[in-house]
>>> print(open('model-v1.txt').read())   # compact mmCIF, C-alpha atoms
# COMPACT_ATOMS: atom_id res chain seq x y z
CA MET A 1027 -80.62 -22.56 -40.86
CA SER A 1028 -82.33 -24.26 -43.75
CA ASP A 1029 -85.93 -25.35 -43.72
CA VAL A 1030 -86.31 -26.48 -40.17
CA HIS A 1031 -89.89 -27.64 -40.72
CA ALA A 1032 -88.63 -30.40 -42.98
CA LEU A 1033 -87.17 -32.16 -39.98
CA SER A 1034 -90.61 -33.04 -38.57
CA GLY A 1035 -90.61 -36.51 -40.13
CA ALA A 1036 -87.13 -37.41 -38.97
CA TYR A 1037 -87.95 -36.03 -35.54
CA ALA A 1038 -91.15 -38.08 -35.29
CA LEU A 1039 -89.08 -41.17 -36.09
CA ASP A 1040 -86.28 -40.32 -33.62
CA ALA A 1041 -84.00 -40.16 -36.66
CA VAL A 1042 -82.19 -37.13 -35.30
CA THR A 1043 -79.09 -36.60 -33.22
CA ASP A 1044 -79.42 -35.20 -29.73
CA ILE A 1045 -78.38 -31.78 -30.94
CA GLU A 1046 -80.87 -31.81 -33.81
CA ARG A 1047 -83.53 -32.90 -31.37
CA GLN A 1048 -82.82 -29.96 -29.08
CA GLN A 1049 -82.87 -27.56 -31.98
CA PHE A 1050 -86.08 -28.94 -33.34
CA GLU A 1051 -87.77 -28.99 -29.95
CA ARG A 1052 -86.87 -25.35 -29.58
CA HIS A 1053 -88.47 -24.76 -32.94
CA LEU A 1054 -91.55 -26.72 -31.85
CA THR A 1055 -92.20 -24.46 -28.89
CA GLY A 1056 -92.90 -21.65 -31.32
CA CYS A 1057 -94.35 -23.51 -34.30
CA GLU A 1058 -97.90 -24.69 -33.96
CA ILE A 1059 -97.92 -26.25 -37.44
CA CYS A 1060 -94.93 -28.47 -36.78
CA THR A 1061 -96.26 -29.42 -33.36
CA GLU A 1062 -99.49 -30.63 -34.93
CA GLU A 1063 -97.66 -32.36 -37.73
CA VAL A 1064 -95.29 -34.18 -35.40
CA ALA A 1065 -98.20 -35.34 -33.27
CA SER A 1066 -100.07 -36.70 -36.27
CA LEU A 1067 -96.96 -38.37 -37.71
CA ARG A 1068 -96.25 -39.98 -34.36
CA GLU A 1069 -99.68 -41.58 -34.48
CA ALA A 1070 -98.76 -43.15 -37.80
CA VAL A 1071 -95.29 -44.10 -36.60
CA SER A 1072 -96.69 -45.88 -33.55
CA GLU A 1073 -98.70 -48.09 -35.89
CA LEU A 1074 -95.48 -49.43 -37.37
CA SER A 1075 -94.94 -51.35 -34.16
CA ALA A 1076 -97.73 -53.69 -35.25
CA LEU A 1077 -95.32 -55.04 -37.86
CA THR A 1078 -92.82 -56.35 -35.36
CA ALA A 1079 -95.02 -57.30 -32.41
CA GLU A 1080 -93.66 -60.23 -30.48
CA GLU A 1081 -94.64 -61.67 -27.10
CA PRO A 1082 -91.93 -61.00 -24.55
CA PRO A 1083 -90.69 -63.86 -22.37
CA PRO A 1084 -93.38 -64.52 -19.74
CA GLU A 1085 -91.04 -63.85 -16.81
CA LEU A 1086 -90.57 -60.26 -17.91
CA ARG A 1087 -94.05 -59.39 -16.75
CA GLY A 1088 -93.36 -60.24 -13.13
CA SER A 1089 -90.06 -58.46 -13.25
CA VAL A 1090 -91.59 -55.25 -14.63
CA LEU A 1091 -94.47 -55.31 -12.20
CA ALA A 1092 -92.12 -55.86 -9.27
CA ALA A 1093 -89.92 -53.01 -10.42
CA ILE A 1094 -92.69 -50.44 -10.65
CA GLY A 1095 -93.49 -51.12 -7.01
CA GLU A 1096 -90.09 -49.63 -6.26
CA THR A 1097 -90.24 -46.79 -8.74
CA ARG A 1098 -91.33 -43.34 -7.76
CA GLN A 1099 -93.69 -41.61 -10.15
CA LEU A 1100 -93.23 -38.07 -11.39
CA PRO A 1101 -95.85 -35.47 -10.59
CA PRO A 1102 -97.85 -34.01 -13.47
CA ARG A 1103 -96.55 -30.90 -15.12
CA VAL A 1104 -98.40 -27.95 -13.72
CA GLY A 1105 -99.07 -24.84 -15.66
CA SER A 1106 -99.34 -24.58 -19.38
CA PRO A 1107 -96.52 -26.40 -21.10
CA SER A 1108 -96.30 -24.01 -24.00
CA ARG A 1109 -96.20 -20.83 -22.06
CA PRO A 1110 -95.87 -17.63 -24.06
CA ALA A 1111 -92.58 -15.83 -24.07
CA ARG A 1112 -91.22 -14.93 -20.70
CA ARG A 1113 -89.72 -11.69 -19.64
CA THR A 1114 -86.50 -12.64 -21.33
CA PRO A 1115 -87.67 -15.09 -23.95
CA ARG A 1116 -85.45 -17.77 -25.34
CA ARG A 1117 -82.54 -17.35 -23.10
CA LEU A 1118 -81.20 -20.52 -24.52
CA LEU A 1119 -78.31 -22.25 -23.00
CA VAL A 1120 -77.35 -23.88 -26.21
CA ALA A 1121 -77.37 -20.70 -28.20
CA ALA A 1122 -75.20 -19.02 -25.63
CA ALA A 1123 -71.63 -19.67 -24.73
CA ALA A 1124 -70.01 -21.99 -27.17
CA ALA A 1125 -66.78 -21.81 -25.27
CA ALA A 1126 -66.49 -22.03 -21.58
CA VAL A 1127 -65.62 -18.89 -19.76
CA VAL A 1128 -62.73 -19.21 -17.42
CA VAL A 1129 -63.90 -18.87 -13.92
CA GLY A 1130 -61.88 -16.27 -12.14
CA GLY A 1131 -61.89 -14.65 -8.80
CA VAL A 1132 -61.29 -15.97 -5.41
CA GLY A 1133 -62.86 -14.87 -2.23
CA VAL A 1134 -64.74 -16.02 0.73
CA GLY A 1135 -68.32 -15.09 0.33
CA VAL A 1136 -71.46 -16.30 1.90
CA THR A 1137 -71.46 -20.01 2.08
CA ARG A 1138 -74.49 -21.51 0.45
CA PRO A 1139 -74.30 -25.18 1.01
CA TRP A 1140 -76.14 -27.37 -1.39
CA GLN A 1141 -79.71 -27.26 -0.35
CA ASP A 1142 -80.85 -30.64 0.59
CA GLU A 1143 -84.32 -31.20 1.85
CA THR A 1144 -84.31 -34.93 1.77
CA GLY A 1145 -81.32 -35.75 3.89
CA SER A 1146 -77.87 -36.17 2.51
CA GLY A 1147 -77.83 -39.94 2.78
CA GLN A 1148 -80.58 -40.31 0.23
CA VAL A 1149 -79.18 -37.68 -2.04
CA VAL A 1150 -75.80 -39.34 -2.13
CA SER A 1151 -77.32 -42.65 -2.99
CA LEU A 1152 -79.51 -41.25 -5.74
CA ALA A 1153 -76.54 -39.32 -7.11
CA ASP A 1154 -74.56 -42.54 -7.03
CA ARG A 1155 -77.29 -44.32 -8.89
CA VAL A 1156 -77.26 -41.66 -11.59
CA LEU A 1157 -73.47 -41.92 -11.88
CA ARG A 1158 -73.65 -45.68 -12.23
CA ALA A 1159 -76.76 -45.88 -14.39
CA ASP A 1160 -76.48 -47.97 -17.53
CA ASP A 1161 -77.84 -45.13 -19.56
CA ALA A 1162 -75.69 -42.45 -17.95
CA GLN A 1163 -74.66 -39.76 -20.43
CA ARG A 1164 -71.67 -37.59 -19.61
CA VAL A 1165 -70.89 -34.12 -20.81
CA THR A 1166 -67.62 -32.66 -19.60
CA GLN A 1167 -66.29 -29.13 -19.69
CA GLU A 1168 -62.66 -28.41 -18.98
CA PHE A 1169 -61.45 -24.97 -18.09
CA GLU A 1170 -58.16 -23.34 -18.85
CA ASP A 1171 -57.24 -23.19 -15.20
CA GLY A 1172 -57.52 -26.96 -14.86
CA ALA A 1173 -60.99 -27.02 -13.34
CA LYS A 1174 -63.30 -29.66 -14.68
CA ALA A 1175 -67.05 -30.06 -14.52
CA THR A 1176 -69.09 -32.99 -15.74
CA VAL A 1177 -72.83 -33.38 -15.89
CA VAL A 1178 -73.99 -36.97 -15.79
CA ARG A 1179 -77.56 -37.57 -16.77
CA SER A 1180 -79.57 -40.74 -16.52
CA PRO A 1181 -82.77 -40.54 -18.58
CA SER A 1182 -84.16 -43.64 -16.87
CA LEU A 1183 -83.74 -42.12 -13.44
CA GLY A 1184 -84.77 -38.72 -14.73
CA ARG A 1185 -82.01 -37.00 -12.82
CA ALA A 1186 -78.66 -35.44 -13.45
CA VAL A 1187 -75.59 -34.94 -11.31
CA LEU A 1188 -72.93 -32.28 -11.57
CA VAL A 1189 -69.43 -33.35 -10.63
CA THR A 1190 -66.74 -30.70 -10.31
CA SER A 1191 -63.05 -30.84 -9.57
CA ASP A 1192 -60.68 -27.99 -8.77
CA MET A 1193 -63.48 -25.53 -9.30
CA PRO A 1194 -62.61 -22.08 -7.94
CA PRO A 1195 -65.35 -20.59 -5.79
CA ALA A 1196 -67.80 -18.10 -7.26
CA PRO A 1197 -66.92 -14.43 -6.73
CA LYS A 1198 -67.64 -13.01 -3.30
CA GLY A 1199 -71.32 -12.63 -2.63
CA HIS A 1200 -72.21 -14.84 -5.57
CA SER A 1201 -73.07 -18.47 -6.12
CA TYR A 1202 -72.88 -20.81 -9.01
CA VAL A 1203 -76.41 -21.67 -9.96
CA VAL A 1204 -77.09 -24.70 -12.09
CA TRP A 1205 -79.93 -24.54 -14.62
CA LEU A 1206 -81.74 -27.14 -16.61
CA GLN A 1207 -83.03 -26.11 -19.98
CA GLN A 1208 -86.65 -27.26 -20.22
CA GLY A 1209 -88.09 -26.21 -23.55
CA ASP A 1210 -87.52 -22.50 -23.67
CA ASP A 1211 -87.12 -22.14 -19.96
CA MET A 1212 -84.08 -22.32 -17.80
CA VAL A 1213 -85.16 -23.83 -14.54
CA ASN A 1214 -83.12 -23.42 -11.38
CA ALA A 1215 -81.73 -26.86 -10.54
CA GLY A 1216 -79.86 -25.78 -7.44
CA SER A 1217 -76.80 -23.90 -6.38
CA MET A 1218 -73.35 -25.21 -5.71
CA ALA A 1219 -71.49 -25.25 -2.46
CA ARG A 1220 -68.18 -23.48 -2.39
CA SER A 1221 -65.90 -26.47 -2.22
CA PRO A 1222 -63.88 -27.14 -5.39
CA ASP A 1223 -64.75 -30.83 -5.64
CA GLN A 1224 -68.40 -31.63 -5.49
CA THR A 1225 -71.05 -34.05 -6.52
CA VAL A 1226 -74.35 -32.28 -6.75
CA LEU A 1227 -77.68 -33.88 -7.54
CA LEU A 1228 -79.62 -31.49 -9.72
CA GLU A 1229 -83.23 -30.77 -8.95
CA GLY A 1230 -85.84 -31.32 -11.61
CA ASP A 1231 -86.57 -33.77 -14.35
CA ALA A 1232 -83.34 -34.18 -16.26
CA SER A 1233 -84.85 -36.58 -18.76
CA THR A 1234 -86.79 -33.78 -20.43
CA ALA A 1235 -83.98 -31.23 -20.22
CA SER A 1236 -82.02 -30.39 -23.34
CA ALA A 1237 -79.02 -28.96 -21.55
CA ALA A 1238 -77.59 -27.91 -18.22
CA GLY A 1239 -75.74 -24.68 -17.64
CA VAL A 1240 -74.09 -22.76 -14.85
CA THR A 1241 -74.29 -19.03 -14.20
CA VAL A 1242 -72.99 -16.81 -11.43
CA GLU A 1243 -75.82 -15.28 -9.46
CA THR A 1244 -76.21 -13.23 -6.33
CA ASP A 1245 -79.40 -15.07 -5.43
CA PRO A 1246 -78.90 -18.82 -5.41
CA ASP A 1247 -82.65 -19.32 -5.45
CA ALA A 1248 -83.25 -17.04 -8.42
CA GLU A 1249 -86.14 -18.14 -10.58
CA ASP A 1250 -84.63 -16.60 -13.67
CA ALA A 1251 -81.01 -16.26 -14.58
CA THR A 1252 -79.92 -12.65 -14.48
CA THR A 1253 -77.20 -13.13 -17.04
CA ASP A 1254 -76.73 -14.77 -20.39
CA GLU A 1255 -73.12 -15.40 -19.65
CA LEU A 1256 -72.59 -19.02 -18.91
CA VAL A 1257 -69.75 -20.33 -16.88
CA ALA A 1258 -70.32 -23.74 -18.34
CA LEU A 1259 -72.69 -25.37 -20.78
CA PHE A 1260 -73.59 -29.03 -21.00
CA PRO A 1261 -75.81 -29.89 -23.98
CA PHE A 1262 -77.46 -33.30 -23.69
CA MET B 148 -105.30 -34.27 -34.39
CA ASN B 149 -108.71 -35.24 -33.17
CA HIS B 150 -109.56 -37.08 -36.31
CA LEU B 151 -106.45 -39.15 -35.90
CA ARG B 152 -107.20 -40.14 -32.42
CA ALA B 153 -110.64 -41.18 -33.41
CA ALA B 154 -109.11 -43.17 -36.22
CA THR B 155 -106.59 -45.04 -34.14
CA SER B 156 -109.12 -46.18 -31.60
CA GLY B 157 -111.45 -47.66 -34.15
CA GLY B 158 -109.49 -50.69 -35.32
CA GLU B 159 -110.63 -54.14 -34.31
CA ALA B 160 -107.31 -55.41 -33.18
CA SER B 161 -105.40 -52.35 -32.08
CA PRO B 162 -104.83 -51.69 -28.42
CA PRO B 163 -108.26 -50.77 -27.29
CA GLU B 164 -109.62 -47.46 -26.25
CA GLU B 165 -109.10 -48.17 -22.59
CA LEU B 166 -105.37 -47.58 -22.93
CA ALA B 167 -105.69 -43.86 -22.24
CA PRO B 168 -107.92 -44.21 -19.16
CA LEU B 169 -105.64 -46.99 -17.93
CA LEU B 170 -102.62 -44.72 -18.19
CA GLN B 171 -104.49 -42.11 -16.24
CA GLN B 172 -105.17 -44.72 -13.57
CA CYS B 173 -101.46 -45.53 -13.56
CA ALA B 174 -100.74 -41.88 -12.89
CA LEU B 175 -102.60 -42.33 -9.61
CA GLY B 176 -100.33 -45.20 -8.67
CA ASP B 177 -102.69 -47.99 -9.73
CA GLU B 178 -100.42 -50.99 -10.30
CA ARG B 179 -103.24 -53.20 -11.52
CA ALA B 180 -104.04 -50.72 -14.27
CA PHE B 181 -100.37 -50.81 -15.15
CA ALA B 182 -100.49 -54.60 -15.44
CA GLN B 183 -103.28 -54.19 -17.97
CA VAL B 184 -101.26 -51.65 -19.89
CA TYR B 185 -98.41 -54.13 -19.88
CA ASP B 186 -100.61 -56.86 -21.30
CA LEU B 187 -101.93 -54.59 -24.02
CA VAL B 188 -98.69 -53.15 -25.29
CA SER B 189 -95.85 -55.44 -24.26
CA PRO B 190 -95.78 -57.37 -27.58
CA ARG B 191 -95.49 -54.12 -29.48
CA ILE B 192 -92.81 -52.73 -27.20
CA PHE B 193 -90.77 -55.89 -26.90
CA GLY B 194 -91.01 -56.67 -30.61
CA LEU B 195 -89.93 -53.18 -31.62
CA VAL B 196 -87.12 -53.02 -29.10
CA LYS B 197 -85.87 -56.41 -30.20
CA ARG B 198 -86.02 -55.46 -33.84
CA ILE B 199 -83.80 -52.48 -33.13
CA ILE B 200 -81.44 -54.01 -30.58
CA ARG B 201 -81.46 -57.65 -31.73
CA ASP B 202 -79.84 -59.07 -28.62
CA PRO B 203 -82.68 -60.74 -26.68
CA ALA B 204 -81.27 -60.15 -23.20
CA GLN B 205 -80.66 -56.47 -23.85
CA SER B 206 -84.06 -56.20 -25.47
CA GLU B 207 -85.70 -57.46 -22.30
CA GLU B 208 -83.74 -54.98 -20.29
CA VAL B 209 -84.71 -52.05 -22.49
CA THR B 210 -88.33 -53.20 -22.56
CA GLN B 211 -88.31 -53.13 -18.78
CA GLU B 212 -86.71 -49.66 -18.79
CA ALA B 213 -89.36 -48.43 -21.18
CA PHE B 214 -92.14 -49.71 -18.94
CA LEU B 215 -90.58 -48.10 -15.89
CA GLU B 216 -90.40 -44.85 -17.81
CA ILE B 217 -94.06 -45.17 -18.75
CA TRP B 218 -94.91 -45.75 -15.11
CA ARG B 219 -92.78 -42.83 -13.95
CA GLN B 220 -94.14 -40.42 -16.53
CA ALA B 221 -97.77 -41.59 -16.55
CA ALA B 222 -98.99 -38.34 -14.98
CA ARG B 223 -97.48 -36.47 -17.90
CA PHE B 224 -99.49 -38.25 -20.54
CA ASP B 225 -101.92 -35.74 -21.98
CA PRO B 226 -104.71 -37.26 -24.08
CA ALA B 227 -105.31 -33.87 -25.70
CA ARG B 228 -101.92 -34.11 -27.37
CA GLY B 229 -102.12 -37.58 -28.89
CA SER B 230 -103.09 -41.18 -28.34
CA ALA B 231 -101.82 -43.29 -25.47
CA LEU B 232 -100.29 -45.75 -27.90
CA ALA B 233 -98.29 -43.04 -29.65
CA TRP B 234 -97.13 -41.71 -26.31
CA ILE B 235 -96.07 -45.15 -25.15
CA MET B 236 -94.35 -46.16 -28.36
CA THR B 237 -92.48 -42.86 -28.52
CA ILE B 238 -90.97 -43.60 -25.12
CA ALA B 239 -90.13 -47.19 -26.06
CA HIS B 240 -88.59 -46.32 -29.41
CA ARG B 241 -86.49 -43.58 -27.92
CA ARG B 242 -85.18 -45.97 -25.27
CA ALA B 243 -84.16 -48.55 -27.82
CA VAL B 244 -82.53 -45.97 -30.05
CA ASP B 245 -80.65 -44.44 -27.14
CA ARG B 246 -79.35 -47.89 -26.27
CA VAL B 247 -78.05 -48.73 -29.73
CA ARG B 248 -76.60 -45.29 -30.27
CA SER B 249 -74.73 -45.23 -27.00
CA ALA B 250 -73.43 -48.73 -27.70
CA GLU B 251 -72.38 -47.66 -31.14
CA ALA B 252 -70.72 -44.49 -29.96
CA THR B 253 -67.74 -46.64 -29.05
CA HIS B 254 -67.77 -48.62 -32.27
CA THR B 255 -68.25 -47.17 -35.66
CA ARG B 256 -71.61 -48.01 -36.99
CA ASP B 257 -71.38 -50.53 -39.76
CA ILE B 258 -73.10 -48.63 -42.47
CA GLU B 259 -72.24 -51.16 -45.12
CA TYR B 260 -73.92 -53.89 -43.18
CA GLY B 261 -77.01 -51.76 -42.82
CA HIS B 262 -77.00 -51.03 -46.51
CA ARG B 263 -76.97 -54.69 -47.45
CA HIS B 264 -79.55 -55.66 -44.90
CA HIS B 265 -81.97 -52.80 -44.91
CA ALA B 266 -84.96 -54.89 -45.84
CA VAL B 267 -87.03 -55.50 -42.77
CA GLU B 268 -88.56 -58.88 -42.58
CA TYR B 269 -92.08 -58.64 -41.38
CA ASP B 270 -92.90 -62.30 -41.33
CA SER B 271 -91.58 -63.01 -37.91
CA THR B 272 -92.83 -66.40 -36.81
CA SER B 273 -93.29 -65.16 -33.29
CA GLU B 274 -95.56 -62.34 -34.33
CA VAL B 275 -98.50 -62.34 -32.06
CA VAL B 276 -101.90 -63.18 -33.35
CA GLN B 277 -103.84 -60.22 -32.03
CA SER B 278 -101.75 -57.76 -33.97
CA ARG B 279 -101.97 -59.59 -37.29
CA LEU B 280 -104.84 -57.50 -38.48
CA ASP B 281 -103.05 -54.31 -37.58
CA ALA B 282 -99.92 -55.60 -39.20
CA GLN B 283 -101.75 -56.39 -42.44
CA ARG B 284 -103.19 -52.93 -42.56
CA VAL B 285 -99.84 -51.27 -41.90
CA ARG B 286 -98.04 -53.54 -44.34
CA LYS B 287 -100.51 -52.53 -46.97
CA ALA B 288 -99.97 -48.88 -46.19
CA MET B 289 -96.20 -49.36 -46.37
CA ALA B 290 -96.58 -51.03 -49.74
CA GLY B 291 -98.19 -47.83 -51.00
CA LEU B 292 -94.99 -45.86 -50.43
CA THR B 293 -92.22 -45.37 -52.94
CA GLU B 294 -89.24 -47.64 -52.49
CA THR B 295 -87.01 -44.89 -51.09
CA GLN B 296 -89.71 -43.62 -48.75
CA ARG B 297 -90.19 -47.11 -47.39
CA GLN B 298 -86.48 -47.79 -47.04
CA ALA B 299 -85.87 -44.46 -45.36
CA ILE B 300 -88.62 -45.05 -42.82
CA GLU B 301 -87.49 -48.60 -42.12
CA LEU B 302 -83.87 -47.62 -41.62
CA ALA B 303 -84.88 -44.88 -39.23
CA TYR B 304 -87.55 -46.71 -37.30
CA PHE B 305 -86.37 -50.30 -37.18
CA LYS B 306 -82.64 -49.67 -37.16
CA GLY B 307 -82.48 -46.47 -35.21
CA CYS B 308 -80.55 -44.61 -37.91
CA THR B 309 -80.44 -40.84 -38.02
CA HIS B 310 -81.58 -39.12 -41.19
CA THR B 311 -77.94 -38.35 -41.97
CA GLU B 312 -77.13 -42.05 -41.81
CA VAL B 313 -80.20 -42.82 -43.87
CA ALA B 314 -78.92 -40.43 -46.54
CA THR B 315 -75.53 -42.16 -46.58
CA MET B 316 -77.04 -45.61 -46.77
CA LEU B 317 -79.41 -44.75 -49.55
CA GLY B 318 -76.81 -42.68 -51.36
CA VAL B 319 -79.04 -39.61 -51.54
CA PRO B 320 -78.42 -36.01 -50.45
CA LEU B 321 -79.35 -35.15 -46.88
CA GLY B 322 -82.24 -32.93 -47.88
CA THR B 323 -83.65 -35.75 -50.00
CA ALA B 324 -83.50 -38.24 -47.14
CA LYS B 325 -85.23 -35.75 -44.87
CA SER B 326 -88.04 -35.18 -47.31
CA ARG B 327 -88.40 -38.89 -48.18
CA VAL B 328 -88.91 -39.63 -44.52
CA ARG B 329 -91.41 -36.85 -44.09
CA ASP B 330 -93.33 -37.45 -47.32
CA GLY B 331 -93.43 -41.18 -46.59
CA LEU B 332 -94.79 -40.65 -43.10
CA ILE B 333 -97.40 -38.21 -44.32
CA ARG B 334 -98.57 -40.72 -46.89
CA LEU B 335 -98.53 -43.49 -44.33
CA ARG B 336 -100.53 -41.37 -41.93
CA ASP B 337 -103.09 -40.52 -44.56
CA THR B 338 -103.42 -44.12 -45.73
CA ILE B 339 -103.76 -45.59 -42.27
CA GLY B 340 -106.11 -42.84 -41.17
CA GLY B 341 -108.16 -43.11 -44.34
CA GLU B 342 -108.63 -46.86 -44.21
CA ARG B 343 -110.26 -47.04 -40.86
>>> encode(input="model-v1.txt", output="C-alpha cells")
Amino acid sequence: MSDVHALSGAYALDAVTDIERQQFERHLTGCEICTEEVASLREAVSELSALTAEEPPPELRGSVLAAIGETRQLPPRVGSPSRPARRTPRRLLVAAAAAAVVVGGVGVGVTRPWQDETGSGQVVSLADRVLRADDAQRVTQEFEDGAKATVVRSPSLGRAVLVTSDMPPAPKGHSYVVWLQQGDDMVNAGSMARSPDQTVLLEGDASTASAAGVTVETDPDAEDATTDELVALFPF
Amino acid sequence: MNHLRAATSGGEASPPEELAPLLQQCALGDERAFAQVYDLVSPRIFGLVKRIIRDPAQSEEVTQEAFLEIWRQAARFDPARGSALAWIMTIAHRRAVDRVRSAEATHTRDIEYGHRHHAVEYDSTSEVVQSRLDAQRVRKAMAGLTETQRQAIELAYFKGCTHTEVATMLGVPLGTAKSRVRDGLIRLRDTIGGER
C-alpha cells in the first residue's frame, strides 16, 4: 500500500470509491493524525457549500417536516467509538476471504429460527422497504454449489437484508451468523434460520457498516466471531 | 480542531452557533428544533445537491433524504469531533454523490463532458442573500489556490468525481491528483480559518 495518509483530502471530499473509503476508514481508526486532518479539512469543505447556496422550493419544507414525523431516530452510540484493540484486533471482513468458501455439510442440527423481537409482520415490511429502497445497494455472492446470497443495503433506511437461495444448512450444531463490519469491529447482526431460501433483516446500523460477512458459529449469539474463515463476504 | 470550530462559528453570515445545540435538541425528538435546522441549512444543502445532481426533481428528493438522515442520526452528532455544519454537509454531500454514482453505474460516466465543463459557475442568480458574504470569502480563498488544486477540488466536490476520475480529467498521474486535492484543501482550510 502506498502512502495511505495522502488520501485524507480525497476522503474528506468523498472523492473515493466505496472500497477506498472502507480502506481509509480502517486506517483512520488507528491514525490519530489523519483523523484530525480529515476533521479539519471537512470544516473547510463544508464552507464550499456557501458557493452554491440556493433556496429550495418552499413546498419542500413541509414535506421534510412531515416525513421526519414518521422517521424513527437512531439511538446515540454508546461506549467509546475508537475503542482500543480488542482481543482479536482487526479481524477484518474485507481483508479476509477474497473468494467464497463453498458451504458443505448437511445435517439437522438445532434449529435457531431468526430471532425476531418485534413481530414478524413488521420485520417483513421493513425488509421489504430495504429491498425496494431507491438507494438499495446489492452485493451478491454465488457459490459453486449453486447457492446464492445477496446483501441489500439501504443507507437511507440504515438497514440491510440478507437474501439467500438454495443455501445448504450450517453443519450440525452450528449456525450461520451474519456480521456487520463497524469500523474495526464485527458486530453480530443475527443468525440465519436453517431454511435454504430466506430473507433476513440484519440487526444494527447498516449505513455505517463497511461490509457484511457470514461465519459458522456454535453460538448464534456470539459477541465475537470465533473464526476468521468467512462463508461469504459482502463489501459495501 | 478546536481552533477551527471557533473559527467557523465567528462569521457574520454563516449558519449561527445555535446549529449544534439545535441538533442536540433534534436528537431528543424536538421537531421544532429540526425546523430551525432546516431553515438554517436548507439553501446550502439544496444548492449543493442540485449542483451535483442537476435535475431539480431528483435534487429535491435527495435533499429530503439528506434531512431525514440528519434527523435519524442526530444523536450521533458529536460536537467534540467537528462543527454541526461540517457534520450536516458531509451527510448531504455523500447522499448526492451516492445518487449520481449509482445512476452512473449503469451508464459510463461522460468524462469528456466533465473535462470540457469543469468550470463551476458561482454566479448563480438564485444564490441566497444571506450566504453572499460567506460565498465571497470562500471564493476569495478558492482564488488563492493553484489552477489544478482548484479544478481538482471542484471536480470532486461539485461533480462527485473520485480522485481517479479527477486524475483522468486533468490528465495528471493519480498520485498528483491525490496530492493536489489534499494540498488545495489544506490551503483552503488555512485561508478560511485565518481570515476570520
>>> atom_distance(input="model-v1.txt", atom1="CA of Leu1206 (chain A)", atom2="CA of Glu1229 (chain A)")
8.6 Å
>>> closest_atom_pairs(input="model-v1.txt", of="chain B", to="chain A", cutoff="7 Å", atoms="all atoms listed in the file", output="tab-separated table")
residue	atom	partner	partner_atom	distance
B:Met148	CA	A:Ser1066	CA	6.1
B:Leu151	CA	A:Ser1066	CA	6.8
B:Ala182	CA	A:Leu1091	CA	6.9
B:Ser189	CA	A:Pro1082	CA	6.8
B:Pro190	CA	A:Glu1081	CA	4.5
B:Arg191	CA	A:Ala1079	CA	4.3
B:Phe193	CA	A:Pro1082	CA	5.7
B:Gly194	CA	A:Glu1080	CA	4.4
B:Leu195	CA	A:Thr1078	CA	5.7
B:Gln211	CA	A:Val1090	CA	5.7
B:Glu212	CA	A:Ser1182	CA	6.8
B:Leu215	CA	A:Ile1094	CA	6.1
B:Glu216	CA	A:Ser1182	CA	6.4
B:Trp218	CA	A:Gln1099	CA	6.6
B:Arg219	CA	A:Gln1099	CA	4.1
B:Gln220	CA	A:Leu1100	CA	5.7
B:Ala222	CA	A:Pro1102	CA	4.7
B:Arg223	CA	A:Pro1102	CA	5.1
B:Gly229	CA	A:Ala1065	CA	6.3
B:Leu232	CA	A:Ser1072	CA	6.7
B:Ala233	CA	A:Ser1072	CA	5.1
B:Met236	CA	A:Ser1072	CA	5.7
B:Arg241	CA	A:Asp1040	CA	6.6
B:Tyr269	CA	A:Leu1077	CA	6.0
B:Ser273	CA	A:Glu1080	CA	5.7
B:Glu274	CA	A:Glu1080	CA	4.8
B:Val275	CA	A:Glu1080	CA	5.5
B:Ser278	CA	A:Ala1076	CA	5.9
B:Asp281	CA	A:Ala1076	CA	5.8
B:Ala282	CA	A:Leu1077	CA	4.8
B:Val285	CA	A:Leu1074	CA	6.6
B:Ala303	CA	A:Ala1041	CA	5.4
B:Tyr304	CA	A:Leu1039	CA	5.9
B:Gly307	CA	A:Ala1041	CA	6.7
B:Cys308	CA	A:Ala1041	CA	5.8
B:Thr309	CA	A:Ala1041	CA	3.9
B:His310	CA	A:Ala1041	CA	5.2
B:Lys325	CA	A:Leu1033	CA	6.4
B:Ser326	CA	A:Ala1032	CA	6.5
B:Val328	CA	A:Gly1035	CA	5.6
B:Arg329	CA	A:Gly1035	CA	4.1
B:Leu332	CA	A:Leu1067	CA	6.2
B:Ile333	CA	A:Leu1067	CA	6.6
B:Leu335	CA	A:Ala1070	CA	6.5
B:Arg336	CA	A:Ala1070	CA	4.8
>>> residues_around(input="model-v1.txt", residues="Val184 (chain B)", least_positions_apart="2", cutoff="12 Å", atoms="all atoms listed in the file", output="number ranges by chain")
A: 1087, 1090-1091; B: 162-173, 177-182, 186-192, 214-215, 217-218, 221, 231-232, 235
>>> atom_distance(input="model-v1.txt", atom1="CA of Gly331 (chain B)", atom2="CA of Lys306 (chain B)")
16.7 Å
>>> atom_distance(input="model-v1.txt", atom1="CA of Pro1261 (chain A)", atom2="CA of Ala1232 (chain A)")
11.6 Å
>>> decode(input="model-v1.txt", residues="region 1183-1194 of chain A", atoms="C-alpha atoms", output="compact mmCIF listing (two decimals), in the first residue's frame")
# COMPACT_ATOMS: atom_id res chain seq x y z
CA LEU A 1183 -33.13 3.27 5.99
CA GLY A 1184 -29.93 2.33 7.76
CA ARG A 1185 -30.65 -1.35 7.44
CA ALA A 1186 -29.55 -4.30 5.39
CA VAL A 1187 -31.25 -7.52 4.37
CA LEU A 1188 -29.69 -10.85 3.54
CA VAL A 1189 -31.45 -12.88 0.87
CA THR A 1190 -30.36 -16.45 0.29
CA SER A 1191 -31.41 -19.11 -2.16
CA ASP A 1192 -30.53 -22.80 -2.19
CA MET A 1193 -28.31 -22.28 0.81
CA PRO A 1194 -27.35 -25.58 2.45
